[in-house]
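Peer 1: Pasting my_file.cif here (mmCIF, C-alpha atoms):
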data_target
loop_
_atom_site.label_atom_id
_atom_site.label_comp_id
_atom_site.auth_asym_id
_atom_site.auth_seq_id
_atom_site.Cartn_x
_atom_site.Cartn_y
_atom_site.Cartn_z
CA VAL A 1081 137.53 122.42 79.96
CA ASP A 1082 136.83 118.83 78.76
CA SER A 1083 133.14 118.25 79.53
CA VAL A 1084 133.04 114.80 77.88
CA ASP A 1085 135.57 112.89 79.96
CA TYR A 1086 135.41 115.05 83.10
CA SER A 1087 132.66 116.61 85.18
CA ASP A 1088 132.60 119.30 87.85
CA TYR A 1089 133.62 118.34 91.35
CA GLY A 1090 131.20 119.20 94.15
CA ASN A 1091 132.49 122.72 94.82
CA THR A 1092 133.20 123.88 91.25
CA PRO A 1093 129.83 124.58 89.52
CA GLY A 1094 129.63 128.19 88.41
CA MET A 1095 133.35 128.81 88.73
CA GLN A 1096 134.98 130.81 85.96
CA ILE A 1097 137.45 128.60 84.07
CA THR A 1098 140.45 130.35 82.60
CA PRO A 1099 142.47 127.81 80.64
CA ALA A 1100 146.23 128.17 80.97
CA THR A 1101 148.46 127.56 77.98
CA TYR A 1102 151.79 125.78 78.35
CA PRO A 1103 154.22 124.49 75.72
CA ILE A 1104 153.83 120.74 75.25
CA GLU A 1105 156.70 119.33 73.19
CA SER A 1106 159.33 121.97 73.80
CA GLU A 1107 162.65 120.25 74.56
CA TYR A 1108 165.42 119.33 72.13
CA CYS A 1109 165.42 115.55 71.90
CA PRO A 1110 166.56 114.18 68.51
CA SER A 1111 165.75 110.52 69.18
CA VAL A 1112 162.09 111.13 70.14
CA PRO A 1113 159.47 111.85 67.43
CA ALA A 1114 158.00 115.35 67.43
CA GLY A 1115 154.44 116.22 66.46
CA PRO A 1116 153.58 117.92 63.14
CA THR A 1117 153.35 121.39 64.68
CA VAL A 1118 156.61 121.07 66.63
CA PRO A 1119 160.08 121.98 65.32
CA LYS A 1120 162.12 118.97 64.27
CA ASN A 1121 164.06 117.29 67.10
CA PHE A 1122 161.93 118.93 69.80
CA GLY A 1123 159.85 115.86 70.68
CA CYS A 1124 160.49 115.89 74.44
CA GLY A 1125 158.40 117.67 77.04
CA LEU A 1126 154.84 117.00 78.15
CA ASP A 1127 152.91 114.20 76.45
CA PHE A 1128 149.14 114.07 76.96
CA LEU A 1129 147.16 111.15 75.56
CA PRO A 1130 145.18 110.14 73.64
CA SER A 1131 146.31 112.09 70.59
CA SER A 1132 145.52 112.07 66.89
CA ASN A 1133 149.24 112.51 66.12
CA TRP A 1134 151.14 109.23 65.84
CA GLN A 1135 154.26 111.03 67.08
CA ASP A 1136 152.60 111.50 70.48
CA ASN A 1137 152.18 107.75 70.97
CA TYR A 1138 154.02 106.89 74.19
CA GLY A 1139 155.22 103.54 72.84
CA THR A 1140 156.54 105.16 69.65
CA LYS A 1141 158.47 107.74 71.63
CA VAL A 1142 159.97 105.29 74.12
CA GLU A 1143 160.84 102.64 71.54
CA SER A 1144 162.55 105.30 69.42
CA ALA A 1145 164.65 106.47 72.37
CA ILE A 1146 165.62 102.92 73.34
CA GLY A 1147 166.39 102.10 69.70
CA ALA A 1148 168.82 105.01 69.49
CA GLU A 1149 170.56 104.34 72.81
CA LYS A 1150 174.19 103.22 72.98
CA THR A 1151 175.12 103.75 76.64
CA LYS A 1152 172.67 102.39 79.24
CA VAL A 1153 168.96 101.96 80.02
CA ASP A 1154 167.25 101.53 83.42
CA VAL A 1155 163.52 100.82 83.61
CA ASP A 1156 161.09 100.60 86.52
CA MET A 1157 157.77 99.40 85.09
CA PHE A 1158 154.54 98.22 86.69
CA ARG A 1159 152.65 96.51 83.85
CA ILE A 1160 154.21 95.14 80.65
CA THR A 1161 151.78 93.56 78.18
CA ASN A 1162 153.07 95.06 74.91
CA ALA A 1163 155.48 92.79 73.01
CA ALA A 1164 156.89 95.52 70.72
CA ILE A 1165 158.38 97.59 73.52
CA ALA A 1166 159.77 94.44 75.16
CA ASN A 1167 161.33 93.64 71.78
CA SER A 1168 163.05 97.04 71.78
CA MET A 1169 164.61 96.22 75.15
CA ILE A 1170 165.77 92.81 73.95
CA ALA A 1171 167.23 94.35 70.77
CA ALA A 1172 169.12 96.98 72.81
CA HIS A 1173 170.51 94.28 75.09
CA GLN A 1174 171.57 92.18 72.11
CA ARG A 1175 173.53 95.08 70.61
CA GLY A 1176 175.43 95.46 73.90
CA VAL A 1177 173.55 98.21 75.75
CA PRO A 1178 173.64 97.60 79.54
CA ILE A 1179 170.07 97.31 80.82
CA ARG A 1180 168.57 96.91 84.28
CA MET A 1181 164.87 96.50 84.95
CA ILE A 1182 162.64 96.43 88.04
CA VAL A 1183 159.21 94.79 87.69
CA ASP A 1184 156.24 94.21 89.97
CA MET A 1185 155.46 90.86 91.59
CA SER A 1186 151.70 91.43 91.80
CA GLU A 1187 151.49 92.02 88.04
CA TYR A 1188 153.79 89.10 87.21
CA THR A 1189 151.65 86.69 89.23
CA ASN A 1190 148.27 88.12 88.16
CA THR A 1191 146.42 85.43 86.18
CA ALA A 1192 144.31 88.15 84.53
CA ARG A 1193 147.52 89.69 83.06
CA VAL A 1194 149.10 86.71 81.33
CA TRP A 1195 151.01 88.90 78.86
CA VAL A 1196 152.98 90.45 81.73
CA ARG A 1197 154.55 87.10 82.53
CA TYR A 1198 155.10 86.42 78.83
CA ASN A 1199 157.04 89.64 78.27
CA VAL A 1200 158.98 89.60 81.55
CA ASP A 1201 160.02 85.99 80.95
CA ARG A 1202 161.12 86.83 77.41
CA MET A 1203 163.34 89.66 78.63
CA PHE A 1204 164.79 87.41 81.32
CA MET A 1205 165.52 84.67 78.79
CA ALA A 1206 167.26 87.24 76.59
CA GLY A 1207 169.64 87.94 79.47
CA ILE A 1208 168.36 91.30 80.73
CA PRO A 1209 169.10 91.72 84.47
CA LEU A 1210 165.77 91.91 86.31
CA LYS A 1211 164.73 92.50 89.89
CA ILE A 1212 161.23 92.06 91.28
CA THR A 1213 159.38 93.40 94.30
CA LYS A 1214 160.06 91.59 97.56
CA HIS A 1215 157.93 93.83 99.77
CA ALA A 1216 154.18 93.44 100.24
CA GLY A 1217 153.20 96.53 98.28
CA GLN A 1218 153.00 97.23 94.57
CA ASN A 1219 155.81 98.74 92.53
CA HIS A 1220 153.53 101.08 90.63
CA GLU A 1221 156.19 103.36 89.12
CA LYS A 1222 156.56 103.86 85.36
CA SER A 1223 159.98 105.38 84.70
CA VAL A 1224 162.63 104.99 82.00
CA LEU A 1225 166.20 106.31 82.10
CA VAL A 1226 168.12 106.53 78.81
CA TYR A 1227 171.60 107.56 79.90
CA GLY A 1228 173.40 108.34 76.65
CA GLN A 1229 170.66 110.83 75.82
CA GLY A 1230 170.34 112.11 79.39
CA LEU A 1231 166.63 111.33 79.06
CA ALA A 1232 164.25 110.61 81.94
CA ILE A 1233 160.70 109.50 81.11
CA TRP A 1234 158.09 109.39 83.86
CA GLY A 1235 154.32 109.46 83.99
CA SER A 1236 151.17 107.38 84.05
CA SER A 1237 151.66 105.14 80.99
CA ASN A 1238 152.38 101.47 81.52
CA TRP A 1239 153.98 99.39 78.80
CA THR A 1240 150.58 98.38 77.45
CA SER A 1241 148.90 99.19 74.14
CA PRO A 1242 145.99 101.06 75.80
CA SER A 1243 148.48 103.18 77.77
CA PHE A 1244 150.29 104.13 74.57
CA ASN A 1245 147.49 106.15 72.98
CA SER A 1246 143.91 105.22 73.86
CA GLN A 1247 143.67 105.81 77.61
CA GLN A 1248 143.88 109.22 79.25
CA GLU A 1249 147.56 109.42 80.18
CA HIS A 1250 150.16 112.04 80.99
CA ASN A 1251 153.93 111.63 80.69
CA TYR A 1252 156.98 113.85 80.83
CA PHE A 1253 160.07 113.36 78.67
CA SER A 1254 162.92 115.57 79.85
CA THR A 1255 166.65 115.68 79.22
CA SER A 1256 169.50 116.46 81.60
CA PRO A 1257 170.66 119.55 79.64
CA VAL A 1258 167.21 121.09 80.22
CA LYS A 1259 166.47 119.77 83.73
CA PRO A 1260 169.56 118.12 85.23
CA TRP A 1261 167.89 117.77 88.64
CA TYR A 1262 164.98 115.82 87.10
CA PHE A 1263 167.23 113.26 85.43
CA GLN A 1264 169.46 112.91 88.50
CA TRP A 1265 166.50 112.45 90.86
CA PHE A 1266 165.38 109.37 88.93
CA VAL A 1267 168.96 108.06 88.70
CA ASN A 1268 169.24 108.31 92.49
CA GLN A 1269 165.86 106.69 92.99
CA PHE A 1270 166.63 103.77 90.68
CA GLU A 1271 170.01 103.14 92.31
CA ARG A 1272 168.43 103.15 95.77
CA ARG A 1273 165.78 100.67 94.70
CA TRP A 1274 168.11 98.41 92.71
CA ASN A 1275 170.50 98.17 95.69
CA SER A 1276 167.82 97.63 98.35
CA PRO A 1277 167.77 93.94 99.42
CA GLN A 1278 164.83 94.67 101.72
CA GLU A 1279 162.61 95.82 98.84
CA TYR A 1280 163.79 93.92 95.75
CA GLU A 1281 165.37 90.62 94.86
CA ALA A 1282 166.73 88.94 91.75
CA PHE A 1283 163.95 87.87 89.42
CA VAL A 1284 163.37 84.12 89.03
CA PRO A 1285 160.79 82.88 86.49
CA ALA A 1286 157.79 81.29 88.15
CA GLY A 1287 157.04 78.84 85.37
CA PRO A 1288 153.58 78.00 83.99
CA TRP A 1289 150.43 78.31 86.07
#
As structure tokens, please, write out the structure in this file.

Peer 2:
Amino acid sequence: VDSVDYSDYGNTPGMQITPATYPIESEYCPSVPAGPTVPKNFGCGLDFLPSSNWQDNYGTKVESAIGAEKTKVDVDMFRITNAAIANSMIAAHQRGVPIRMIVDMSEYTNTARVWVRYNVDRMFMAGIPLKITKHAGQNHEKSVLVYGQGLAIWGSSNWTSPSFNSQQEHNYFSTSPVKPWYFQWFVNQFERRWNSPQEYEAFVPAGPW
């Protein structure tokens, strides 16, 4: 029903539009901020951006979850230009949380995305185990697993300021008590990727351009 950002496709003019209503933030998730109209501690669920509520900011939600984690974090992230969220990973690592991260070679070597190399190198220097794409394609996934909270985060947002709350984005925060299959699917996927020598290899800093 958004006529500003979207227009009718070729075969839709004249069609009757009946908007469907679904709950957005509807899952119990104490470490993730909930919007002003949502019961306290129910900040997980669907997250559509941009939003006028600061609690819907993707970066705010993810940084809060990482900041509260005590068990383990796995991340598979395409583009990383935001220093604050990289800082949250470094802080978690420094307080003893096991972290693994998969990043994309095409983004790391892209001279138009200098902040990707900056943030990836900083996390590497902090001691976070990193793997990078070895295959010829892009690693375009954006997923975060926060094990102590049973939280899987997946969607369209990169770790960039525009992706946090100015671009049109959609993300899903869901916990294993609500959707155990969802969390486990991403655990299985990350393990397969992390342990695939054909697709990924240990990250080595490339140095200055």

Peer 1: Using the chain letters and numbers from the file, give me the residues hit by the PyMOL selection byres ((chain A and resi 1159-1166) around 7), as a PyMOL selection string.

Peer 2: chain A and resi 1139+1143+1157-1158+1167-1170+1187+1195-1196+1199+1203+1238-1241

Peer 1: Pick the closest to A:Gly1287 from A:His1220, A:Lys1259, A:Arg1197, A:His1250: which is it, counting only C-alpha atoms?

Peer 2: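 Residue with the minimum atom-to-atom distance to A:Gly1287: A:Arg1197.
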
Peer 1: From the set A:Met1205, A:Thr1255, A:Asp1082, A:Asp1136, which residue has the shortest atom-to-atom contact distance to A:Ile1097, counting only C-alpha atoms?

Peer 2: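 Ranking A:Met1205, A:Thr1255, A:Asp1082, A:Asp1136 by distance to A:Ile1097, first place goes to A:Asp1082.
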
Peer 1: Looking at A:Glu1281, A:Asp1156, A:Glu1249, A:Glu1271, which one is nearest to A:Thr1213, with distances taken over all atoms listed in the file?

Peer 2: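 Closest to A:Thr1213 of all the choices is A:Glu1281.
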
Peer 1: So what does the PyMOL selection byres ((chain A and resi 1105) around 10) actually pick up in this one, as a VMD selection string?

Peer 2: chain A and resid 1102 to 1104 1106 to 1109 1113 to 1115 1117 to 1119 1121 to 1128 1136 1252 to 1254

Peer 1: Which residue gives the smallest distance to A:Arg1180 among A:Ala1148, A:Ala1216, A:Leu1231, A:Val1224, with only C-alpha atoms counted?

Peer 2: A:Val1224

Peer 1: Given the PyMOL selection byres ((chain A and resi 1151) around 7) and the file above, list the residues it selects as a PDB file with C-alpha atoms, in the coordinates of the input.

Peer 2:
ATOM      1  CA  GLU A1149     170.560 104.340  72.810  1.00  0.00           C
ATOM      2  CA  LYS A1150     174.190 103.220  72.980  1.00  0.00           C
ATOM      3  CA  LYS A1152     172.670 102.390  79.240  1.00  0.00           C
ATOM      4  CA  VAL A1177     173.550  98.210  75.750  1.00  0.00           C
ATOM      5  CA  PRO A1178     173.640  97.600  79.540  1.00  0.00           C
ATOM      6  CA  TYR A1227     171.600 107.560  79.900  1.00  0.00           C
ATOM      7  CA  GLY A1228     173.400 108.340  76.650  1.00  0.00           C
TER       8      GLY A1228
END

Peer 1: What separation in Å, quoted to one decimal, exists between atom CA of A:Phe1204 and atom CA of A:Pro1288?

Peer 2: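 Between atom CA of A:Phe1204 and atom CA of A:Pro1288 the gap is 14.9 Å.
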
Peer 1: Enclose stretch 1088-1102 of chain A, meaning all of its atoms listed in the file, in a box aligned along x, y and z, pad it by 8 Å on each side, and list the centre and edge lengths in Å to one decimal, as lines of an AutoDock Vina configuration file.

Peer 2:
center_x = 140.7
center_y = 124.6
center_z = 86.4
size_x = 38.2
size_y = 28.5
size_z = 32.8

Peer 1: Between atom CA of A:Ala1206 and atom CA of A:Gln1174, what is the spacing in Å?

Peer 2: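 Straight-line distance from atom CA of A:Gln1174 to atom CA of A:Ala1206 works out to 7.9 Å.
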
Peer 1: Could you please determine the separation between atom CA of A:Asn1133 and atom CA of A:Asn1245 in Å, to one decimal place?

Peer 2: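 That distance, rounded to one decimal, is 9.5 Å.
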
Peer 1: Just checking: using only C-alpha atoms, which residue out of A:Arg1175, A:Ile1182, A:Glu1221, A:Gln1229 ends up closest to A:Ala1145?

Peer 2: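 Under the stated criterion, the closest residue is A:Gln1229.
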
Peer 1: Do a neighbour search on A:Ile1179 at 7 Å with all atoms listed in the file, toss out local chain neighbours closer than 2 positions, and write the hits as a ChimeraX atom specification.

Peer 2: /A:1152-1154,1173,1177,1181,1208-1209

Peer 1: For A:Ser1276, which of A:Ile1146, A:Val1112, A:Ile1212, A:Val1200 is the closest residue, counting all atoms listed in the file?

Peer 2: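 The answer is A:Ile1212, which sits nearest to A:Ser1276.
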